[in-house]
file final-v8.txt (compact mmCIF, C-alpha atoms)
# COMPACT_ATOMS: atom_id res chain seq x y z
CA MET L 1 0.00 0.00 0.00
CA LYS L 2 3.00 1.98 -0.37
CA PHE L 3 1.67 3.06 -3.81
CA LEU L 4 -1.26 4.94 -2.24
CA ASN L 5 0.71 7.50 -0.43
CA SER L 6 -0.36 11.11 -0.42
CA LYS L 7 1.94 12.19 -3.21
CA ASN L 8 0.72 9.63 -5.68
CA ILE L 9 -2.88 10.27 -4.77
CA GLN L 10 -2.27 13.96 -5.49
CA THR L 11 -0.78 13.12 -8.86
CA ILE L 12 -3.64 10.84 -9.76
CA VAL L 13 -6.15 13.49 -8.78
CA ILE L 14 -4.37 16.08 -10.90
CA LEU L 15 -4.30 13.72 -13.85
CA LEU L 16 -7.97 12.96 -13.45
CA VAL L 17 -8.81 16.65 -13.22
CA VAL L 18 -6.71 17.46 -16.26
CA SER L 19 -8.20 14.53 -18.16
CA GLY L 20 -11.63 15.67 -17.17
CA LEU L 21 -10.93 19.21 -18.25
CA VAL L 22 -9.55 17.97 -21.56
CA PHE L 23 -12.57 15.74 -22.03
CA LEU L 24 -14.92 18.59 -21.20
CA ALA L 25 -13.00 20.95 -23.50
CA LEU L 26 -13.02 18.50 -26.37
CA SER L 27 -16.70 17.83 -25.85
CA GLY L 28 -17.37 21.61 -25.99
CA TYR L 29 -18.66 22.07 -22.48
CA LEU L 30 -15.93 24.49 -21.60
CA THR L 31 -16.37 26.83 -24.60
CA PRO L 32 -18.23 29.56 -22.67
CA VAL L 33 -15.54 29.41 -20.03
CA PHE L 34 -12.82 29.66 -22.68
CA ASN L 35 -14.58 32.52 -24.43
CA LEU L 36 -14.95 34.34 -21.20
CA SER L 37 -11.31 33.98 -20.40
CA LEU L 38 -9.76 34.16 -23.89
CA ASN L 39 -11.65 37.13 -25.32
CA PRO L 40 -9.90 39.71 -23.17
CA LEU L 41 -6.64 38.03 -23.98
CA ILE L 42 -7.29 38.14 -27.71
CA SER L 43 -8.47 41.73 -27.51
CA PHE L 44 -5.33 42.71 -25.72
CA GLN L 45 -3.23 40.72 -28.17
CA ARG L 46 -4.93 42.44 -31.10
CA TRP L 47 -4.49 45.85 -29.52
CA LEU L 48 -0.83 45.20 -28.87
CA SER L 49 -0.24 43.78 -32.34
CA VAL L 50 -1.89 46.72 -34.07
CA ARG L 51 0.12 49.16 -32.02
CA TYR L 52 3.31 47.30 -32.72
CA ILE L 53 2.66 47.18 -36.44
CA SER L 54 1.83 50.88 -36.44
CA ALA L 55 4.97 51.68 -34.54
CA ARG L 56 7.06 49.51 -36.83
CA GLU L 57 5.57 51.13 -39.92
CA PHE L 58 6.14 54.54 -38.41
CA LEU L 59 9.77 53.71 -37.84
CA THR L 60 10.47 51.88 -41.11
CA THR L 61 8.27 53.65 -43.72
CA PRO L 62 10.35 56.79 -44.18
CA ARG L 63 13.29 54.67 -45.17
CA GLU L 64 11.12 52.78 -47.66
CA ILE L 65 9.77 56.03 -49.14
CA THR L 66 13.30 57.20 -49.71
CA GLN L 67 14.16 53.91 -51.33
CA LEU L 68 11.01 54.05 -53.45
CA GLN L 69 11.77 57.59 -54.47
CA GLU L 70 15.26 56.58 -55.52
CA GLN L 71 13.93 53.60 -57.42
CA ASN L 72 11.26 55.79 -59.02
CA ALA L 73 13.83 58.36 -60.11
CA LEU L 74 15.99 55.59 -61.53
CA LEU L 75 13.08 54.07 -63.41
CA GLU L 76 11.96 57.47 -64.67
CA SER L 77 15.43 58.20 -66.00
CA GLN L 78 15.47 54.79 -67.66
CA VAL L 79 12.04 55.47 -69.18
CA SER L 80 13.15 58.87 -70.50
CA GLN L 81 16.33 57.30 -71.93
CA LEU L 82 14.26 54.63 -73.64
CA GLN L 83 11.83 57.23 -74.95
CA THR L 84 14.73 59.24 -76.35
CA GLN L 85 16.11 56.11 -77.98
CA LEU L 86 12.66 55.34 -79.37
CA ILE L 87 12.34 58.82 -80.89
CA VAL L 88 15.82 58.56 -82.43
CA GLU L 89 15.01 55.12 -83.82
CA GLU L 90 11.68 56.34 -85.20
CA GLU L 91 13.44 59.26 -86.89
CA ARG L 92 16.00 56.87 -88.37
CA LEU L 93 13.21 54.57 -89.49
CA GLY L 94 11.38 57.47 -91.14
CA GLU L 95 14.55 58.60 -92.92
CA ALA L 96 15.26 55.04 -94.00
CA GLN L 97 11.73 54.64 -95.32
CA VAL L 98 12.05 57.85 -97.33
CA CYS L 99 15.45 56.75 -98.65
CA PHE L 100 14.12 53.31 -99.57
CA ALA L 101 11.12 54.85 -101.31
CA LEU L 102 13.33 57.27 -103.25
CA LEU L 103 15.66 54.41 -104.12
CA ASP L 104 12.69 52.37 -105.27
CA PHE L 105 11.56 55.21 -107.51
CA GLY L 106 15.07 55.41 -108.95
CA ARG L 107 15.08 51.68 -109.64
CA THR L 108 11.72 51.76 -111.37
CA ASN L 109 12.79 54.73 -113.51
CA PRO L 110 16.38 53.82 -114.39
CA GLN L 111 16.45 56.07 -117.45
CA TYR L 112 16.92 59.12 -115.21
CA GLU L 113 19.81 60.21 -113.05
CA TYR L 114 18.90 61.66 -109.68
CA ILE L 115 20.19 63.86 -106.91
CA ALA L 116 18.48 63.33 -103.58
CA ALA L 117 17.85 66.51 -101.61
CA THR L 118 16.27 67.47 -98.32
CA VAL L 119 13.61 70.16 -98.08
CA ILE L 120 14.96 72.87 -95.78
CA GLY L 121 12.38 75.61 -96.12
CA ARG L 122 9.37 77.10 -97.79
CA GLU L 123 8.53 80.32 -99.59
CA ILE L 124 8.00 83.32 -97.32
CA SER L 125 5.06 84.72 -99.27
CA PRO L 126 1.81 82.79 -98.71
CA PHE L 127 0.73 83.58 -102.28
CA LEU L 128 3.37 81.32 -103.79
CA GLN L 129 4.03 77.58 -103.54
CA TYR L 130 7.77 77.02 -103.49
CA ILE L 131 10.15 74.91 -101.44
CA ILE L 132 13.87 75.28 -100.80
CA ILE L 133 16.21 72.26 -100.98
CA ASP L 134 19.74 71.77 -99.70
CA LYS L 135 21.39 70.97 -103.04
CA GLY L 136 22.63 73.56 -105.49
CA ILE L 137 25.02 74.24 -108.36
CA GLU L 138 27.91 72.55 -106.58
CA ASP L 139 25.87 69.35 -106.44
CA GLY L 140 24.89 69.50 -110.11
CA VAL L 141 21.46 71.08 -109.78
CA ARG L 142 20.59 73.45 -112.64
CA PHE L 143 17.73 75.74 -113.53
CA GLY L 144 14.70 73.98 -115.02
CA MET L 145 15.48 70.47 -113.78
CA PRO L 146 12.35 68.46 -112.91
CA VAL L 147 11.86 67.46 -109.28
CA VAL L 148 10.01 64.35 -108.17
CA THR L 149 9.41 62.23 -105.09
CA GLN L 150 8.94 58.50 -104.88
CA GLN L 151 5.23 59.17 -105.46
CA GLY L 152 5.24 61.53 -108.38
CA LEU L 153 5.93 64.95 -109.83
CA VAL L 154 6.73 67.83 -107.46
CA GLY L 155 7.85 70.71 -109.68
CA ARG L 156 10.96 72.14 -111.27
CA VAL L 157 14.00 74.11 -110.23
CA ASP L 158 13.19 77.82 -110.35
CA ALA L 159 16.36 79.33 -108.92
CA VAL L 160 19.64 77.86 -107.81
CA ILE L 161 22.67 79.03 -105.86
CA ALA L 162 25.82 77.22 -104.76
CA ASN L 163 24.34 75.05 -102.02
CA ALA L 164 20.58 75.47 -102.31
CA ALA L 165 17.81 75.66 -104.86
CA ARG L 166 14.26 76.95 -104.99
CA ILE L 167 11.65 74.60 -106.44
CA LYS L 168 8.44 75.84 -107.98
CA LEU L 169 5.73 73.35 -107.06
CA ILE L 170 3.11 72.26 -109.56
CA THR L 171 0.52 73.60 -107.08
CA ASP L 172 1.72 77.20 -107.56
CA SER L 173 -0.83 79.50 -109.16
CA THR L 174 1.55 80.32 -112.03
CA SER L 175 2.42 76.68 -112.73
CA VAL L 176 1.15 74.97 -115.88
CA VAL L 177 2.03 71.33 -116.67
CA ASN L 178 1.06 69.55 -119.85
CA VAL L 179 -0.47 66.21 -118.90
CA GLN L 180 -2.20 63.20 -120.38
CA LEU L 181 -4.99 61.13 -118.96
CA GLN L 182 -3.79 57.56 -119.17
CA SER L 183 -7.13 55.78 -119.57
CA ALA L 184 -8.73 58.22 -122.00
CA ASN L 185 -5.52 59.09 -123.83
CA VAL L 186 -6.48 62.74 -123.61
CA GLU L 187 -4.11 65.65 -123.24
CA ALA L 188 -4.81 68.59 -120.94
CA GLN L 189 -3.15 71.18 -118.75
CA LEU L 190 -2.65 70.90 -115.01
CA ILE L 191 -2.80 74.28 -113.29
CA GLY L 192 -2.12 75.28 -109.71
CA SER L 193 -3.98 77.74 -107.54
CA LEU L 194 -3.57 80.19 -104.70
CA THR L 195 -4.66 77.62 -102.14
CA GLY L 196 -2.38 74.85 -103.42
CA ASP L 197 -5.15 72.85 -105.09
CA VAL L 198 -4.57 71.62 -108.64
CA SER L 199 -7.05 71.19 -111.44
CA LEU L 200 -7.17 70.10 -115.06
CA ASP L 201 -8.06 72.53 -117.80
CA MET L 202 -8.24 72.45 -121.58
CA ILE L 203 -9.87 69.01 -121.65
CA PRO L 204 -11.73 68.62 -124.98
CA ILE L 205 -15.47 68.92 -124.46
CA ASP L 206 -16.28 65.67 -126.25
CA GLU L 207 -14.03 63.49 -124.12
CA THR L 208 -15.43 61.43 -121.26
CA ILE L 209 -13.39 61.73 -118.10
CA GLU L 210 -14.09 59.39 -115.21
CA PRO L 211 -13.20 59.97 -111.55
CA GLY L 212 -10.07 57.98 -110.75
CA ASP L 213 -8.44 58.47 -114.15
CA VAL L 214 -4.68 58.57 -113.80
CA ILE L 215 -2.85 61.77 -114.76
CA LEU L 216 0.70 61.61 -116.13
CA THR L 217 3.00 64.22 -117.59
CA SER L 218 2.80 64.28 -121.38
CA GLY L 219 6.22 65.77 -122.04
CA LEU L 220 4.76 68.45 -124.30
CA GLY L 221 6.35 71.83 -123.89
CA GLY L 222 9.66 70.33 -122.96
CA ASN L 223 9.55 71.33 -119.29
CA TYR L 224 8.97 67.87 -117.82
CA PRO L 225 9.81 64.36 -118.94
CA PRO L 226 6.82 62.24 -120.01
CA ASN L 227 4.96 59.62 -117.97
CA ILE L 228 5.61 60.90 -114.48
CA PHE L 229 2.68 60.23 -112.21
CA ILE L 230 0.83 63.31 -110.91
CA GLY L 231 -2.49 62.21 -109.47
CA GLN L 232 -6.04 61.18 -110.20
CA VAL L 233 -9.19 62.91 -111.39
CA LEU L 234 -11.67 63.62 -108.62
CA SER L 235 -14.57 65.12 -110.54
CA THR L 236 -15.26 66.80 -113.85
CA GLN L 237 -17.17 69.99 -114.53
CA ARG L 238 -18.73 70.55 -117.94
CA ARG L 239 -20.33 73.95 -118.45
CA ASN L 240 -22.77 74.85 -121.16
CA ASN L 241 -21.26 76.84 -124.01
CA ALA L 242 -17.74 76.17 -122.71
CA LEU L 243 -15.06 75.05 -125.14
CA PHE L 244 -13.27 72.83 -122.65
CA GLN L 245 -14.00 70.77 -119.55
CA THR L 246 -12.27 71.21 -116.22
CA SER L 247 -11.53 68.63 -113.55
CA THR L 248 -10.48 68.73 -109.94
CA VAL L 249 -7.41 66.63 -109.22
CA GLN L 250 -6.16 64.72 -106.21
CA PRO L 251 -2.35 64.93 -106.45
CA ILE L 252 -0.46 61.85 -105.38
CA VAL L 253 2.21 63.91 -103.59
CA ASP L 254 1.29 65.41 -100.23
CA PHE L 255 2.81 68.84 -100.78
CA SER L 256 2.31 69.90 -97.18
CA SER L 257 4.70 67.27 -95.86
CA ILE L 258 7.48 66.86 -98.40
CA ASN L 259 10.72 66.04 -96.59
CA ALA L 260 12.96 64.80 -99.39
CA VAL L 261 12.93 65.03 -103.17
CA LEU L 262 14.82 63.76 -106.19
CA VAL L 263 16.14 66.17 -108.80
CA ILE L 264 16.31 64.61 -112.27
CA THR L 265 19.68 65.75 -113.58
CA ASN L 266 19.80 64.23 -117.06
CA PHE L 267 16.70 65.94 -118.40
CA GLU L 268 17.21 69.27 -120.12
CA ALA L 269 14.22 71.55 -120.35
CA VAL L 270 13.60 72.85 -123.86
CA ASP L 271 13.47 76.62 -124.22
CA PHE L 272 10.80 77.43 -126.80
CA SER L 273 10.98 81.16 -126.39
CA PRO L 274 13.08 81.79 -129.57
CA LEU L 275 10.39 79.99 -131.60
CA ILE L 276 7.55 82.14 -130.30
CA PRO L 277 6.87 84.93 -132.81
CA GLU L 278 7.26 88.41 -131.42
CA GLU L 279 4.18 90.63 -131.48
CA MET N 1 27.75 97.99 -82.79
CA ILE N 2 25.96 95.65 -80.38
CA ALA N 3 22.61 96.83 -81.74
CA HIS N 4 23.71 95.96 -85.28
CA LEU N 5 24.82 92.54 -84.15
CA VAL N 6 21.53 91.95 -82.33
CA CYS N 7 19.52 93.07 -85.36
CA ALA N 8 21.50 90.83 -87.70
CA ILE N 9 21.16 87.77 -85.46
CA SER N 10 17.47 88.47 -84.88
CA LEU N 11 16.80 88.75 -88.60
CA VAL N 12 18.60 85.47 -89.29
CA VAL N 13 16.75 83.70 -86.47
CA PHE N 14 13.36 85.04 -87.55
CA TYR N 15 14.11 84.18 -91.19
CA ILE N 16 14.95 80.59 -90.25
CA LEU N 17 11.86 80.30 -88.06
CA GLN N 18 9.77 81.79 -90.85
CA THR N 19 10.91 79.40 -93.60
CA THR N 20 11.14 76.25 -91.53
CA ILE N 21 8.24 76.43 -89.07
CA VAL N 22 5.86 79.33 -89.67
CA ALA N 23 5.56 78.77 -93.43
CA GLN N 24 4.68 75.12 -92.79
CA THR N 25 1.84 75.88 -90.39
CA PRO N 26 -0.71 77.80 -92.43
CA LEU N 27 -4.17 78.92 -91.45
CA LEU N 28 -6.21 78.26 -94.59
CA ALA N 29 -3.58 79.48 -97.09
CA GLY N 30 -2.16 82.33 -95.03
CA TYR N 31 0.59 82.44 -92.49
CA SER N 32 2.38 84.88 -90.28
CA ASP N 33 5.37 87.02 -91.34
CA LEU N 34 7.84 87.17 -88.47
CA ILE N 35 10.20 89.50 -90.34
CA LEU N 36 7.44 92.05 -90.80
CA LEU N 37 6.52 91.77 -87.13
CA PHE N 38 10.14 92.21 -86.05
CA ILE N 39 10.57 95.28 -88.27
CA ALA N 40 7.36 96.76 -86.86
CA ALA N 41 8.30 95.96 -83.26
CA TRP N 42 11.89 97.19 -83.61
CA SER N 43 10.88 100.42 -85.31
CA LEU N 44 8.49 101.16 -82.45
CA GLN N 45 11.29 101.07 -79.89
CA PRO N 46 12.03 104.70 -78.94
CA LYS N 47 15.76 104.08 -78.53
CA ALA N 48 16.21 101.99 -81.66
CA LYS N 49 18.50 103.46 -84.29
CA ASN N 50 19.20 102.57 -87.90
CA LYS N 51 15.63 101.37 -88.47
CA TRP N 52 15.74 102.27 -92.14
CA PHE N 53 19.03 100.47 -92.67
CA TRP N 54 17.83 97.23 -91.11
CA THR N 55 14.52 97.39 -92.94
CA LEU N 56 16.51 97.75 -96.16
CA VAL N 57 18.70 94.76 -95.22
CA ALA N 58 15.68 92.63 -94.33
CA GLY N 59 13.82 93.65 -97.47
CA VAL N 60 16.76 92.91 -99.77
CA LEU N 61 17.44 89.60 -98.02
CA ILE N 62 13.85 88.42 -98.31
CA SER N 63 13.55 89.73 -101.88
CA LEU N 64 16.57 87.68 -102.89
CA VAL N 65 15.29 84.54 -101.21
CA SER N 66 11.64 84.87 -102.15
CA ALA N 67 10.12 84.16 -105.53
CA MET N 68 8.08 87.37 -105.33
CA PRO N 69 8.76 89.69 -108.26
CA PHE N 70 10.27 93.19 -108.41
CA PHE N 71 11.66 93.36 -104.86
CA THR N 72 8.08 93.42 -103.58
CA PRO N 73 8.96 92.36 -100.02
CA LEU N 74 11.22 95.42 -99.76
CA ILE N 75 8.32 97.70 -100.66
CA GLY N 76 6.08 95.94 -98.14
CA TYR N 77 8.58 96.24 -95.30
CA PHE N 78 9.29 99.90 -96.02
CA GLY N 79 5.56 100.55 -95.93
CA VAL N 80 5.35 98.93 -92.51
CA LEU N 81 8.32 100.95 -91.25
CA LEU N 82 6.91 104.20 -92.59
CA PHE N 83 3.57 103.59 -90.95
CA SER N 84 5.13 102.68 -87.59
CA VAL N 85 7.35 105.77 -87.61
CA LEU N 86 4.40 107.99 -88.48
CA LEU N 87 2.29 106.54 -85.68
CA GLN N 88 5.12 106.68 -83.18
CA ASN N 89 5.82 110.34 -83.89
CA GLN N 90 2.21 111.42 -83.92
CA VAL N 91 -0.23 110.18 -81.36
CA TRP N 92 0.25 106.91 -79.66
CA ARG N 93 1.81 106.58 -76.28
CA VAL N 94 0.76 102.99 -75.62
CA PRO N 95 3.30 100.99 -77.62
CA LEU N 96 1.42 97.69 -77.54
CA ILE N 97 -1.69 99.23 -79.10
CA THR N 98 0.52 100.95 -81.65
CA MET N 99 2.13 97.59 -82.43
CA ILE N 100 -1.26 95.97 -83.00
CA ILE N 101 -2.40 98.80 -85.28
CA VAL N 102 0.88 98.77 -87.22
CA THR N 103 0.61 94.99 -87.58
CA PHE N 104 -2.96 95.20 -88.83
CA VAL N 105 -2.42 98.00 -91.33
CA GLY N 106 1.07 96.85 -92.30
CA THR N 107 -0.11 93.32 -93.09
CA ILE N 108 -2.93 94.63 -95.26
CA PHE N 109 -0.50 96.93 -97.08
CA GLN N 110 2.10 94.20 -97.59
CA GLN N 111 -0.39 91.62 -98.83
CA ALA N 112 -2.03 94.16 -101.14
CA VAL N 113 1.38 94.97 -102.62
CA TYR N 114 1.99 91.22 -103.07
CA VAL N 115 -1.32 90.69 -104.87
CA ILE N 116 -0.84 93.69 -107.14
CA SER N 117 2.73 92.72 -108.05
CA LEU N 118 1.69 89.13 -108.80
CA GLN N 119 -1.22 90.31 -110.91
CA VAL N 120 1.11 92.65 -112.80
CA SER N 121 3.52 89.78 -113.41
CA GLY N 122 0.72 87.69 -114.87
CA ALA N 123 -0.28 85.36 -112.04
CA PRO N 124 -4.00 84.49 -112.10
CA ILE N 125 -4.74 85.66 -108.54
CA ALA N 126 -8.19 86.97 -107.68
CA TRP N 127 -8.74 89.60 -105.01
CA ARG N 128 -11.68 87.88 -103.38
CA GLU N 129 -9.90 84.55 -103.03
CA SER N 130 -6.77 86.32 -101.80
CA ILE N 131 -8.68 88.16 -99.10
CA ASP N 132 -10.62 85.08 -97.96
CA MET N 133 -7.84 82.52 -98.07
CA VAL N 134 -4.64 84.47 -97.46
CA ILE N 135 -4.96 88.05 -96.27
CA LEU N 136 -7.49 87.63 -93.45
CA PRO N 137 -5.83 84.49 -92.00
CA SER N 138 -2.43 86.20 -92.25
CA ILE N 139 -3.75 89.26 -90.40
CA LEU N 140 -5.13 87.05 -87.65
CA LEU N 141 -1.87 85.11 -87.28
CA ASN N 142 0.21 88.30 -87.36
CA LEU N 143 -1.94 89.82 -84.63
CA ILE N 144 -1.47 86.69 -82.52
CA PHE N 145 2.31 86.76 -82.96
CA ALA N 146 2.58 90.56 -82.65
CA ILE N 147 2.54 90.63 -78.86
CA PRO N 148 5.34 88.08 -78.22
CA ILE N 149 7.49 89.56 -80.99
CA PHE N 150 6.98 93.04 -79.54
CA ALA N 151 7.96 91.73 -76.10
CA ILE N 152 11.13 90.19 -77.54
CA ALA N 153 12.04 93.38 -79.43
CA SER N 154 11.37 95.54 -76.35
CA GLU N 155 13.53 93.32 -74.18
CA LEU N 156 16.33 93.33 -76.74
CA ALA N 157 16.24 97.14 -77.02
CA ARG N 158 16.11 97.53 -73.24
CA ARG N 159 19.19 95.34 -72.82
CA VAL N 160 21.19 96.49 -75.83
CA TYR N 161 21.05 100.28 -75.66
CA PRO N 162 22.36 100.69 -72.09
CA LEU N 163 25.34 98.58 -73.19
CA GLU N 164 25.82 100.84 -76.21
CA GLU N 165 25.75 103.91 -73.99
CA GLU N 166 28.36 102.36 -71.69
CA LEU N 167 30.62 101.68 -74.62
call {"tool": "encode", "arguments": {"input": "final-v8.txt", "output": "structure tokens"}}
result
Amino acid sequence: MKFLNSKNIQTIVILLVVSGLVFLALSGYLTPVFNLSLNPLISFQRWLSVRYISAREFLTTPREITQLQEQNALLESQVSQLQTQLIVEEERLGEAQVCFALLDFGRTNPQYEYIAATVIGREISPFLQYIIIDKGIEDGVRFGMPVVTQQGLVGRVDAVIANAARIKLITDSTSVVNVQLQSANVEAQLIGSLTGDVSLDMIPIDETIEPGDVILTSGLGGNYPPNIFIGQVLSTQRRNNALFQTSTVQPIVDFSSINAVLVITNFEAVDFSPLIPEE
Amino acid sequence: MIAHLVCAISLVVFYILQTTIVAQTPLLAGYSDLILLFIAAWSLQPKAKNKWFWTLVAGVLISLVSAMPFFTPLIGYFGVLLFSVLLQNQVWRVPLITMIIVTFVGTIFQQAVYVISLQVSGAPIAWRESIDMVILPSILLNLIFAIPIFAIASELARRVYPLEEEL
């Protein structure tokens, strides 16, 4: 009976109590008691945790803002560098596209020799349609040489100095170009205007002109080589009692945004003035 | 000497701006004339000297570059200068209002001279179309640019002439 001494009995009682409490807890009978005792503990724990997190954020956030600002500045500089590179590459791409297009025009018209030139300015007076290019006498540009782009006819050299030349556009109000309508095989005159629009005049009244007809230079007059594309007919006006028809024209070249042109150097304009009888 | 240098550089800068940017941004078919505005603004500066000389230089320069016939730009610029000098000596004490009036009247005079000279040289230019498409838009654009150009000219004159007096 040595086993039933007071110490062992105490241990057994404690075990039984603990087992009972565990049994009661597992069976859910102690939940109200737990809630009653744990809720204040959890509330305090939450309060302490929130305060700790707030304090930690207060202490650490300024350092993170500085880091973020540094990272942001770095990224912004990288973005601006990339944007600059993108702009440079786009400019190069645009120049390359223009060069390729001009080269393509040269390949498709191998009978001509060309000088490529960049447009560096425009006429000061708004009444005239002229451009200024960066090639002149030293580069082989001469008065009267026709000027084209990869799309079609632009005009002809009106004045030239050592390193620059002035080009009279076909849209100028004093410009007259002899043309032919490809589909109808009709000859007419292309005239410019104050506003830069071009139109066809001197079309025989009995000819039928359809919208979309292609307009090419005819070569008559000796100012321009034949068969250079100019544009298409938009609409035709036929007036009663008029001797000729007129047509509005959509030029193929966008004259408001010409950046580069080709000067045809092996075409010599014919000067008819000695053949014109004096009055 | 400094004033001459400033005038020469200003003319070159305004000429480049005119041919490269202003002439490529039209309103209908008209656009501003920065050289005209600079001549008007410079001639309205009370301390400015050699106005006639620099108007002559500007007129000859533009006449050589432009395809306009018979040195027409020179006539137009001298008309603007004459009008600004007349107004400055007569009535007006508010230079900005004088600048606007000179710009308005000077633009009309210059464009009228252009139209007449082109008609004389055989260009098929009609008055009505010129007024609608070129002259009125050009007046509007010149009036818009008149104030900043006048401010630039005033600032240049204010900075240059004390230096000239020191020298």
call {"tool": "closest_residue", "arguments": {"input": "final-v8.txt", "among": "N:Ser43, N:Thr98, N:Ser121, N:Gln90", "to": "chain L", "atoms": "all atoms listed in the file"}}
result
N:Ser121
call {"tool": "closest_atom_pairs", "arguments": {"input": "final-v8.txt", "of": "chain L", "to": "chain N", "cutoff": "6 Å", "atoms": "only C-alpha atoms", "output": "Markdown table"}}
result
| residue | atom | partner | partner_atom | distance |
| --- | --- | --- | --- | --- |
| L:Gly121 | CA | N:Thr19 | CA | 4.8 |
| L:Arg122 | CA | N:Thr19 | CA | 5.0 |
| L:Pro126 | CA | N:Gly30 | CA | 5.4 |
| L:Thr174 | CA | N:Ala123 | CA | 5.4 |
| L:Thr195 | CA | N:Ala29 | CA | 5.5 |
call {"tool": "write_last_selection", "arguments": {"input": "final-v8.txt", "atoms": "C-alpha atoms", "output": "CSV table (one decimal), in the frame of the given file"}}
result
chain,number,residue,atom,x,y,z
L,121,GLY,CA,12.4,75.6,-96.1
L,122,ARG,CA,9.4,77.1,-97.8
L,126,PRO,CA,1.8,82.8,-98.7
L,174,THR,CA,1.6,80.3,-112.0
L,195,THR,CA,-4.7,77.6,-102.1
call {"tool": "closest_residue", "arguments": {"input": "final-v8.txt", "among": "N:Gln45, N:Leu81, N:Val160, N:Gln119", "to": "Ile2 (chain N)", "atoms": "only C-alpha atoms"}}
result
N:Val160
call {"tool": "axis_aligned_box", "arguments": {"input": "final-v8.txt", "around": "region 167-172 of chain L", "padding_each_side": "3 Å", "output": "lines of an AutoDock Vina configuration file"}}
result
center_x = 6.1
center_y = 74.7
center_z = -108.0
size_x = 17.1
size_y = 10.9
size_z = 9.1
call {"tool": "atom_distance", "arguments": {"input": "final-v8.txt", "atom1": "CA of Ser256 (chain L)", "atom2": "CA of Gly196 (chain L)"}}
result
9.2 Å
call {"tool": "closest_residue", "arguments": {"input": "final-v8.txt", "among": "N:Val120, N:Ile152, N:Val105, N:Ile144", "to": "Gly79 (chain N)", "atoms": "all atoms listed in the file"}}
result
N:Val105
call {"tool": "atom_distance", "arguments": {"input": "final-v8.txt", "atom1": "CA of Ile258 (chain L)", "atom2": "CA of Gly140 (chain L)"}}
result
21.1 Å
call {"tool": "atom_distance", "arguments": {"input": "final-v8.txt", "atom1": "CA of Ala188 (chain L)", "atom2": "CA of Ser273 (chain L)"}}
result
20.9 Å
call {"tool": "closest_atom_pairs", "arguments": {"input": "final-v8.txt", "of": "region 143-219 of chain L", "to": "region 234-243 of chain L", "cutoff": "12 Å", "atoms": "only C-alpha atoms", "output": "tab-separated table"}}
result
residue	atom	partner	partner_atom	distance
L:Asp197	CA	L:Leu234	CA	11.8
L:Val198	CA	L:Leu234	CA	10.7
L:Ser199	CA	L:Leu234	CA	9.3
L:Leu200	CA	L:Thr236	CA	8.8
L:Asp201	CA	L:Gln237	CA	10.0
L:Met202	CA	L:Leu243	CA	8.1
L:Ile203	CA	L:Leu243	CA	8.7
L:Pro204	CA	L:Leu243	CA	7.2
L:Ile205	CA	L:Leu243	CA	6.2
L:Asp206	CA	L:Leu243	CA	9.5
L:Glu207	CA	L:Arg238	CA	10.5
L:Thr208	CA	L:Thr236	CA	9.2
L:Ile209	CA	L:Thr236	CA	6.9
L:Glu210	CA	L:Ser235	CA	7.4
L:Pro211	CA	L:Leu234	CA	4.9
L:Gly212	CA	L:Leu234	CA	6.2
L:Asp213	CA	L:Leu234	CA	8.2
L:Val214	CA	L:Leu234	CA	10.1
L:Ile215	CA	L:Leu234	CA	10.9
call {"tool": "closest_residue", "arguments": {"input": "final-v8.txt", "among": "N:Trp42, N:Val12, N:Ala48, N:Leu64", "to": "Ala159 (chain L)", "atoms": "only C-alpha atoms"}}
result
N:Leu64
call {"tool": "closest_residue", "arguments": {"input": "final-v8.txt", "among": "N:Phe71, N:Lys47, N:Ile100, N:Phe150", "to": "Pro162 (chain N)", "atoms": "all atoms listed in the file"}}
result
N:Lys47
call {"tool": "residues_around", "arguments": {"input": "final-v8.txt", "residues": "Leu143 (chain N)", "least_positions_apart": "3", "cutoff": "10 Å", "atoms": "all atoms listed in the file", "output": "number ranges by chain"}}
result
N: 32, 37, 99-104, 107, 137-140, 146-148
call {"tool": "write_last_selection", "arguments": {"input": "final-v8.txt", "atoms": "C-alpha atoms", "output": "compact mmCIF listing (two decimals), in the coordinates of the input"}}
result
# COMPACT_ATOMS: atom_id res chain seq x y z
CA SER N 32 2.38 84.88 -90.28
CA LEU N 37 6.52 91.77 -87.13
CA MET N 99 2.13 97.59 -82.43
CA ILE N 100 -1.26 95.97 -83.00
CA ILE N 101 -2.40 98.80 -85.28
CA VAL N 102 0.88 98.77 -87.22
CA THR N 103 0.61 94.99 -87.58
CA PHE N 104 -2.96 95.20 -88.83
CA THR N 107 -0.11 93.32 -93.09
CA PRO N 137 -5.83 84.49 -92.00
CA SER N 138 -2.43 86.20 -92.25
CA ILE N 139 -3.75 89.26 -90.40
CA LEU N 140 -5.13 87.05 -87.65
CA ALA N 146 2.58 90.56 -82.65
CA ILE N 147 2.54 90.63 -78.86
CA PRO N 148 5.34 88.08 -78.22
call {"tool": "closest_residue", "arguments": {"input": "final-v8.txt", "among": "N:Ile75, N:Asp132, N:Pro95, N:Phe14", "to": "Gln110 (chain N)", "atoms": "all atoms listed in the file"}}
result
N:Ile75
